[in-house]
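Trainee: Just passing along the structure, written as structure tokens.
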Amino acid sequence: GIQVEQSPPDLILQEGANSTLRCNFSDSVNNLQWFHQNPWGQLINLFYIPSGTKQNGRLSATTVATERYSLLYISSSQTTDSGVYFCAVEGAGGSEKLVFGKGTKLTVNP
Amino acid sequence: NAGVMQNPRHLVRRRGQEARLRCSPMKGHSHVYWYRQLPEEGLKFMVYLQKENIIDESGMPKERFSAEFPKEGPSILRIQQVVRGDSAAYFCASSLHYNSPLHFGNGTRLTVT
């Protein structure tokens, strides 16, 4: 099945800093989504982005499907951005299920 | 506009008992997915259902685990004769269509004592 690798596994920032999280995948994808799991365990959908670029406030994401990677940018980070960021993909073979990476754990210090 | 509703939030069961986890998808969503998350790990796919149909159960253990999504009512994930290794957070998600954004519930944290 498709493999998903996220980097870095851990990231510590000071409030106000910018960061880039990376997601590499091993095969062509039909579907790619980014999620944020907050410290209380809630999972929030950030982006549905199988290709191209999207922006939502301080967050933006870019997927370059031909090169099999996606990037999540966080600008002017805030303590509320802390948590784990997951990339999830569905392979182009049509498995109809999202496979999750192991996540990037982000800690933003005041 | 309620999101995905899961209950209970926390469930404690003794070894050998049955656990029933419920999930009501977002209004209008007919695609339901169940995922399991162990501490400090990512989410592992278990099963994908549409109304009255199991589409993909490749991630679900063959024994003791079953899932349903009836025509009326919530989706149910059932674990029979629970063991300590079943302790985990179980998340349900729903989507409007195939290949559309996935929305998660707050999860059920199962503890087997």
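Chains: A, B, ... in order of the structure tokens. Residues: from 1 per chain. Ligands: from 1, in order shown.
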What are the closest atom pairs, with distances in Å to one decimal, for all residues of chain B lying within 7 Å of chain A? Consider only C-alpha atoms, order rows by chain and residue number, and present the result as a Markdown table.
Mentor:
```
| residue | atom | partner | partner_atom | distance |
| --- | --- | --- | --- | --- |
| B:Glu41 | CA | A:Lys102 | CA | 6.1 |
| B:Gly42 | CA | A:Lys102 | CA | 4.7 |
| B:Leu43 | CA | A:Phe100 | CA | 6.0 |
| B:Phe45 | CA | A:Val99 | CA | 7.0 |
| B:Asn99 | CA | A:Asn31 | CA | 6.2 |
| B:Pro101 | CA | A:Tyr48 | CA | 5.7 |
| B:Leu102 | CA | A:Asn45 | CA | 6.9 |
| B:His103 | CA | A:Asn45 | CA | 6.4 |
| B:Phe104 | CA | A:Leu43 | CA | 6.0 |
| B:Asn106 | CA | A:Gln42 | CA | 5.3 |
```
Trainee: Find the residues around Met5 in chain B up to 7 Å (only C-alpha atoms counted), leave out those fewer than 4 positions away in its own chain, and share them as a PyMOL selection string.
Mentor: chain B and resi 23-25+105
Trainee: In Å, with one decimal, what is the gap from CA of Gln37 in chain A to CA of Lys51 in chain B?
Mentor: 27.7 Å
Trainee: Would you please extract all strand (DSSP E or B) residues from chain A, as assigned by DSSP on the backbone, and give them as a PyMOL selection string?
Mentor: chain A and resi 4-7+10-14+19-25+29-37+43-48+52-56+59-64+69-74+83-91+99-100+104-109
Trainee: Skip range 54-68 of chain A itself and residues of its chain fewer than 4 positions away, then list as a VMD selection string all residues within 6 Å of it, counting only C-alpha atoms.
Mentor: chain A and resid 24 to 25 72 to 75
Trainee: So, with only C-alpha atoms as the atoms that count, which of A:Leu71, A:Ala92, A:Ser76, A:Arg22 lies closest to Asp10 in chain A?
Mentor: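 Of A:Leu71, A:Ala92, A:Ser76, A:Arg22, the one nearest Asp10 in chain A is A:Arg22, counting only C-alpha atoms.
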Trainee: CA of Gly83 in chain A and CA of Gln6 in chain B, how far apart in Å?
Mentor: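 Result for CA of Gln6 in chain B versus CA of Gly83 in chain A: 21.3 Å, one decimal.
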Trainee: Restricting the calculation to only C-alpha atoms, which member of B:Asn7, B:Gln37, B:Gln50, B:Gln17 is positioned closest to His97 in chain B?
Mentor: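 With only C-alpha atoms as the atom set, the closest residue is B:Gln50.
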Trainee: Which residues in chain A does DSSP call helix (DSSP H, G or I)? List them as a list in words.
Mentor: Ala65, Thr66, Glu67, Thr79, Thr80 and Asp81 of chain A
